[in-house]
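> The structure's right below; bear with me while I get my questions together.
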Amino acid sequence: MSLILTEIRDTMAIIVMNHVQKRNALSETLIDEITLALTSFRESNIRAVILRAPAGVKVWSAGHDVSELPNRGRDPLGWSDSLRVLVRAIQEFPAPVIALIEGGVWGGGCEVAMACDILVTTPDATFAITPAKLGVPYNLGGILTLMNMIPLPVAKEMLFTAQPIPASQALNLGIINYIKPSEEIESFVYALAAHIAANSPLSIAVMKEELRLLASAHAITPELFERIQGLRRIVYDSQDYQEGLNAFREKRKPRFQGK
Ligand code: LCV
């Protein structure tokens with residue numbers, strides 16, 4: 001059974017993440033289906049994509065599927081990790097991707113939402129960035145996605161506390177574009193997508209790619225990269241990383257020892 005629903009309306013496409021019983025945890029299967037849909041949209045002259053969950057959900061996405069994270073000793077967020085693949089697929093898609101968000105957005109789900117070009121949420125939406133809760137050493141690309149979206153003191157607070165922030169705060173910070181009541185959000189987002197789809201797709205595609213390239217244009221020396229990878233390896237080799245995974249699987253609070 002497919003974990004997503006897709007719909008094409010003229011030059012606009014809709015992807016509904018529909019694995020509700022697992023709170024749209026970003027499993028490899030779910031992510032493969034989304035990236036496959038995006039690839040098919042490239043061939044169908046799609047000029048705007050809406051990424052959403054079913055109307056009225058309490059959780060937009062519970063983030064990375066924790067059951068698919070590797071045990072300690074392996075980088076949990078390497079280049080080919082499915083979450084990284086999805087973030088890049090959204091950022092590199094040659095048309096705007098609009099996140100229509102209701103409910104809670106957790107962990108890697110925040111990065112997926114923030115990889116989208118425009119974010120519209122209902123008032124109940126929240127955003128929680130959770131590596132610290134699991135003992136995960138977030139990866140550089142992910143940190144950059146967040147740094148480009150969130151003012152540094154707030155990004156640090158979200159990363160260090162792993163606590164949700166409300167849509168109202170996200171709006172004030174410019175992380176999201178609009179908050180709309182649940183009874184209005186769908187028509188508002190679809191009208192916004194239609195407006196974009198009526199403009200020049202070539203002009204929009206090149207401006208989206210220019211913004212992506214400039215936002216990721218950070219000089220990083222091999223020494224700096226290796227230092228960061230070494231620091232990350234200490235974390236994903238640690239007992240704490242394993243404890244974070246075990247605690248999640250055993251549905252209990254983790255007891256981190258700092259080693
Ligand atoms: C696998 C899940 C998940 C899930 N994975 O429903 O950013 S990083 O670095 O942290 C990155 C590694 C990452 O994204 O990690 C994941 C971070 N996500 C979270 O910390 C959120 C974990 N989930 C929850 O806190 C709750 O599920 C929420 C609050 C989202 C929803 O709570 P609710 O009571 O509505 P359940 O917890 O009962 O979840 C329903 C089913 O979905 C599974 C969960 O294990 C349960 O499965 P079972 O019915 O088989 O027990 N599930 C939820 N999130 N991220 N599986």
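Chain labels follow the order of the structure tokens: the first chain is A, the next B, and so on; residue numbering restarts at 1 in every chain, and ligands are counted from 1 in their shown order.
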For the strand (DSSP E) assignment from backbone DSSP, which residues of segment 15-249 of chain A qualify? Please present them as a PDB file with C-alpha atoms, in the first residue's frame.

ATOM      1  CA  ILE A  15       1.866  15.117  -2.434  1.00  0.00           C
ATOM      2  CA  VAL A  16       0.078  13.939   0.701  1.00  0.00           C
ATOM      3  CA  MET A  17       2.300  12.076   3.185  1.00  0.00           C
ATOM      4  CA  ALA A  48       4.351  24.225  -8.200  1.00  0.00           C
ATOM      5  CA  VAL A  49       4.251  21.320  -5.718  1.00  0.00           C
ATOM      6  CA  ILE A  50       2.335  21.224  -2.436  1.00  0.00           C
ATOM      7  CA  LEU A  51       3.708  18.875   0.247  1.00  0.00           C
ATOM      8  CA  ARG A  52       1.212  18.098   3.010  1.00  0.00           C
ATOM      9  CA  VAL A  59       1.424  15.401  13.425  1.00  0.00           C
ATOM     10  CA  TRP A  60       2.681  16.580  10.005  1.00  0.00           C
ATOM     11  CA  SER A  61       5.797  14.424  10.346  1.00  0.00           C
ATOM     12  CA  VAL A  97       7.592  23.389  -3.226  1.00  0.00           C
ATOM     13  CA  ILE A  98       5.034  24.754  -0.748  1.00  0.00           C
ATOM     14  CA  ALA A  99       4.737  23.063   2.652  1.00  0.00           C
ATOM     15  CA  LEU A 100       1.109  23.012   3.847  1.00  0.00           C
ATOM     16  CA  ILE A 101       1.569  22.212   7.521  1.00  0.00           C
ATOM     17  CA  GLY A 104       3.550  18.925  14.952  1.00  0.00           C
ATOM     18  CA  VAL A 105       6.746  18.842  12.892  1.00  0.00           C
ATOM     19  CA  TRP A 106       9.568  16.883  14.561  1.00  0.00           C
ATOM     20  CA  ILE A 118       7.189  28.567   1.135  1.00  0.00           C
ATOM     21  CA  LEU A 119       5.654  27.386   4.411  1.00  0.00           C
ATOM     22  CA  VAL A 120       2.001  27.891   5.334  1.00  0.00           C
ATOM     23  CA  THR A 121       0.718  26.449   8.609  1.00  0.00           C
ATOM     24  CA  THR A 126       4.762  23.425  16.074  1.00  0.00           C
ATOM     25  CA  PHE A 127       8.407  22.817  15.163  1.00  0.00           C
ATOM     26  CA  ALA A 128      10.793  20.737  17.313  1.00  0.00           C
ATOM     27  CA  ILE A 165       8.230  26.326  19.096  1.00  0.00           C
ATOM     28  CA  PRO A 166       4.708  27.459  18.136  1.00  0.00           C
ATOM     29  CA  TYR A 178       1.596  32.524   6.691  1.00  0.00           C
ATOM     30  CA  ILE A 179      -0.627  31.109   9.429  1.00  0.00           C
TER      31      ILE A 179
END
> Give me the chain A side of the contact with ligand 1, cut-off 7 Å, one line per residue showing its nearest atom pair and distance in Å at one decimal, counting only C-alpha atoms and all ligand atoms, sorted by chain and residue number, as JSON lines.

{"residue": "A:Gln21", "atom": "CA", "partner": "ligand 1", "partner_atom_place_in_ligand_line": "41 (C)", "distance": 5.7}
{"residue": "A:Lys22", "atom": "CA", "partner": "ligand 1", "partner_atom_place_in_ligand_line": "42 (O)", "distance": 3.5}
{"residue": "A:Arg23", "atom": "CA", "partner": "ligand 1", "partner_atom_place_in_ligand_line": "42 (O)", "distance": 5.3}
{"residue": "A:Ala25", "atom": "CA", "partner": "ligand 1", "partner_atom_place_in_ligand_line": "4 (C)", "distance": 4.8}
{"residue": "A:Val59", "atom": "CA", "partner": "ligand 1", "partner_atom_place_in_ligand_line": "30 (C)", "distance": 5.9}
{"residue": "A:Ala62", "atom": "CA", "partner": "ligand 1", "partner_atom_place_in_ligand_line": "30 (C)", "distance": 4.5}
{"residue": "A:Gly63", "atom": "CA", "partner": "ligand 1", "partner_atom_place_in_ligand_line": "14 (O)", "distance": 3.7}
{"residue": "A:His64", "atom": "CA", "partner": "ligand 1", "partner_atom_place_in_ligand_line": "14 (O)", "distance": 3.6}
{"residue": "A:Asp65", "atom": "CA", "partner": "ligand 1", "partner_atom_place_in_ligand_line": "5 (N)", "distance": 3.4}
{"residue": "A:Val66", "atom": "CA", "partner": "ligand 1", "partner_atom_place_in_ligand_line": "5 (N)", "distance": 4.0}
{"residue": "A:Ser67", "atom": "CA", "partner": "ligand 1", "partner_atom_place_in_ligand_line": "1 (C)", "distance": 5.3}
{"residue": "A:Gly104", "atom": "CA", "partner": "ligand 1", "partner_atom_place_in_ligand_line": "30 (C)", "distance": 6.8}
{"residue": "A:Trp106", "atom": "CA", "partner": "ligand 1", "partner_atom_place_in_ligand_line": "18 (N)", "distance": 4.9}
{"residue": "A:Gly107", "atom": "CA", "partner": "ligand 1", "partner_atom_place_in_ligand_line": "7 (O)", "distance": 3.3}
{"residue": "A:Gly108", "atom": "CA", "partner": "ligand 1", "partner_atom_place_in_ligand_line": "14 (O)", "distance": 3.7}
{"residue": "A:Gly109", "atom": "CA", "partner": "ligand 1", "partner_atom_place_in_ligand_line": "14 (O)", "distance": 6.2}
{"residue": "A:Ile129", "atom": "CA", "partner": "ligand 1", "partner_atom_place_in_ligand_line": "7 (O)", "distance": 5.6}
{"residue": "A:Thr130", "atom": "CA", "partner": "ligand 1", "partner_atom_place_in_ligand_line": "10 (O)", "distance": 3.9}
{"residue": "A:Pro131", "atom": "CA", "partner": "ligand 1", "partner_atom_place_in_ligand_line": "10 (O)", "distance": 3.4}
{"residue": "A:Ala132", "atom": "CA", "partner": "ligand 1", "partner_atom_place_in_ligand_line": "10 (O)", "distance": 6.8}
{"residue": "A:Lys133", "atom": "CA", "partner": "ligand 1", "partner_atom_place_in_ligand_line": "10 (O)", "distance": 6.7}
{"residue": "A:Leu134", "atom": "CA", "partner": "ligand 1", "partner_atom_place_in_ligand_line": "10 (O)", "distance": 5.8}
{"residue": "A:Val136", "atom": "CA", "partner": "ligand 1", "partner_atom_place_in_ligand_line": "9 (O)", "distance": 5.1}
{"residue": "A:Pro137", "atom": "CA", "partner": "ligand 1", "partner_atom_place_in_ligand_line": "9 (O)", "distance": 6.9}
{"residue": "A:Tyr138", "atom": "CA", "partner": "ligand 1", "partner_atom_place_in_ligand_line": "9 (O)", "distance": 5.5}
> Restricting the output to C-alpha atoms, write the selected residues as a PDB file, in the first residue's frame.

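Result file is result07.pdb:
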ATOM      1  CA  GLN A  21      -0.309   5.471  11.926  1.00  0.00           C
ATOM      2  CA  LYS A  22       3.441   6.085  12.070  1.00  0.00           C
ATOM      3  CA  ARG A  23       2.884   9.864  12.204  1.00  0.00           C
ATOM      4  CA  ALA A  25       7.906   9.107  10.223  1.00  0.00           C
ATOM      5  CA  VAL A  59       1.424  15.401  13.425  1.00  0.00           C
ATOM      6  CA  ALA A  62       7.472  12.733  13.305  1.00  0.00           C
ATOM      7  CA  GLY A  63      10.845  13.152  11.611  1.00  0.00           C
ATOM      8  CA  HIS A  64      13.436  10.541  10.706  1.00  0.00           C
ATOM      9  CA  ASP A  65      12.208   6.982  11.235  1.00  0.00           C
ATOM     10  CA  VAL A  66      14.225   6.242  14.365  1.00  0.00           C
ATOM     11  CA  SER A  67      13.922   2.496  13.811  1.00  0.00           C
ATOM     12  CA  GLY A 104       3.550  18.925  14.952  1.00  0.00           C
ATOM     13  CA  TRP A 106       9.568  16.883  14.561  1.00  0.00           C
ATOM     14  CA  GLY A 107      13.272  16.406  13.976  1.00  0.00           C
ATOM     15  CA  GLY A 108      14.195  15.807  10.368  1.00  0.00           C
ATOM     16  CA  GLY A 109      10.596  16.759   9.503  1.00  0.00           C
ATOM     17  CA  ILE A 129      14.406  20.038  16.279  1.00  0.00           C
ATOM     18  CA  THR A 130      15.387  16.929  18.213  1.00  0.00           C
ATOM     19  CA  PRO A 131      18.957  15.611  17.670  1.00  0.00           C
ATOM     20  CA  ALA A 132      19.901  16.541  21.254  1.00  0.00           C
ATOM     21  CA  LYS A 133      16.976  14.477  22.571  1.00  0.00           C
ATOM     22  CA  LEU A 134      18.254  11.394  20.734  1.00  0.00           C
ATOM     23  CA  VAL A 136      22.370  12.432  17.279  1.00  0.00           C
ATOM     24  CA  PRO A 137      25.231  14.512  15.818  1.00  0.00           C
ATOM     25  CA  TYR A 138      23.357  16.546  13.226  1.00  0.00           C
TER      26      TYR A 138
END
> For the atom pair atom CA of Ser187 of chain A and atom CA of Asp10 of chain A, what is the interatomic distance in Å to one decimal place?
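Atom-to-atom, atom CA of Ser187 of chain A to atom CA of Asp10 of chain A, that is 15.7 Å.
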> Output as a ChimeraX atom specification all residues of segment 12-143 of chain A that backbone DSSP marks as helix (DSSP H, G or I).
/A:20-22,28-42,66-68,82-92,108-115,131-134,140-143
> Excluding same-chain residues fewer than 5 positions from segment 84-90 of chain A, what lies within 7 Å of it counting only C-alpha atoms, as a ChimeraX atom specification?
/A:31,35,79,97,112,115-116
> Can you write out the residues you just picked, keeping all heavy atoms, as a PDB file, in the first residue's frame?

ATOM      1  N   ILE A  31      10.091   8.147   1.962  1.00  0.00           N
ATOM      2  CA  ILE A  31      10.940   9.110   1.243  1.00  0.00           C
ATOM      3  C   ILE A  31      11.152   8.687  -0.205  1.00  0.00           C
ATOM      4  O   ILE A  31      11.077   9.510  -1.121  1.00  0.00           O
ATOM      5  CB  ILE A  31      12.275   9.286   1.988  1.00  0.00           C
ATOM      6  CG1 ILE A  31      12.033  10.105   3.275  1.00  0.00           C
ATOM      7  CG2 ILE A  31      13.324   9.949   1.101  1.00  0.00           C
ATOM      8  CD1 ILE A  31      13.217  10.247   4.174  1.00  0.00           C
ATOM      9  N   THR A  35      10.294  11.081  -3.390  1.00  0.00           N
ATOM     10  CA  THR A  35      11.310  11.475  -4.391  1.00  0.00           C
ATOM     11  C   THR A  35      10.938  10.946  -5.775  1.00  0.00           C
ATOM     12  O   THR A  35      11.141  11.622  -6.778  1.00  0.00           O
ATOM     13  CB  THR A  35      12.719  10.969  -3.985  1.00  0.00           C
ATOM     14  OG1 THR A  35      12.647   9.593  -3.643  1.00  0.00           O
ATOM     15  CG2 THR A  35      13.266  11.749  -2.803  1.00  0.00           C
ATOM     16  N   TRP A  79      25.639  11.290   3.611  1.00  0.00           N
ATOM     17  CA  TRP A  79      25.161  11.853   2.339  1.00  0.00           C
ATOM     18  C   TRP A  79      24.002  11.060   1.775  1.00  0.00           C
ATOM     19  O   TRP A  79      23.031  11.608   1.303  1.00  0.00           O
ATOM     20  CB  TRP A  79      26.325  11.906   1.337  1.00  0.00           C
ATOM     21  CG  TRP A  79      25.947  12.361  -0.031  1.00  0.00           C
ATOM     22  CD1 TRP A  79      25.671  11.595  -1.129  1.00  0.00           C
ATOM     23  CD2 TRP A  79      25.776  13.727  -0.465  1.00  0.00           C
ATOM     24  NE1 TRP A  79      25.352  12.382  -2.214  1.00  0.00           N
ATOM     25  CE2 TRP A  79      25.418  13.691  -1.846  1.00  0.00           C
ATOM     26  CE3 TRP A  79      25.907  14.972   0.158  1.00  0.00           C
ATOM     27  CZ2 TRP A  79      25.159  14.857  -2.582  1.00  0.00           C
ATOM     28  CZ3 TRP A  79      25.658  16.131  -0.567  1.00  0.00           C
ATOM     29  CH2 TRP A  79      25.295  16.063  -1.933  1.00  0.00           C
ATOM     30  N   VAL A  97       8.285  24.406  -4.022  1.00  0.00           N
ATOM     31  CA  VAL A  97       7.592  23.389  -3.226  1.00  0.00           C
ATOM     32  C   VAL A  97       7.026  24.125  -2.014  1.00  0.00           C
ATOM     33  O   VAL A  97       7.774  24.769  -1.269  1.00  0.00           O
ATOM     34  CB  VAL A  97       8.540  22.265  -2.789  1.00  0.00           C
ATOM     35  CG1 VAL A  97       7.799  21.238  -1.933  1.00  0.00           C
ATOM     36  CG2 VAL A  97       9.166  21.586  -4.022  1.00  0.00           C
ATOM     37  N   VAL A 112      12.881  18.961   6.456  1.00  0.00           N
ATOM     38  CA  VAL A 112      12.117  18.764   5.210  1.00  0.00           C
ATOM     39  C   VAL A 112      11.211  19.972   4.979  1.00  0.00           C
ATOM     40  O   VAL A 112      11.178  20.553   3.890  1.00  0.00           O
ATOM     41  CB  VAL A 112      11.299  17.464   5.275  1.00  0.00           C
ATOM     42  CG1 VAL A 112      10.294  17.380   4.132  1.00  0.00           C
ATOM     43  CG2 VAL A 112      12.226  16.250   5.258  1.00  0.00           C
ATOM     44  N   ALA A 115      13.230  22.927   4.019  1.00  0.00           N
ATOM     45  CA  ALA A 115      13.825  22.822   2.676  1.00  0.00           C
ATOM     46  C   ALA A 115      12.812  23.297   1.628  1.00  0.00           C
ATOM     47  O   ALA A 115      13.191  23.634   0.505  1.00  0.00           O
ATOM     48  CB  ALA A 115      14.229  21.377   2.391  1.00  0.00           C
ATOM     49  N   CYS A 116      11.544  23.321   2.020  1.00  0.00           N
ATOM     50  CA  CYS A 116      10.514  23.806   1.091  1.00  0.00           C
ATOM     51  C   CYS A 116      10.692  25.312   0.904  1.00  0.00           C
ATOM     52  O   CYS A 116      11.317  25.999   1.704  1.00  0.00           O
ATOM     53  CB  CYS A 116       9.117  23.490   1.621  1.00  0.00           C
ATOM     54  SG  CYS A 116       8.780  21.706   1.679  1.00  0.00           S
TER      55      CYS A 116
END
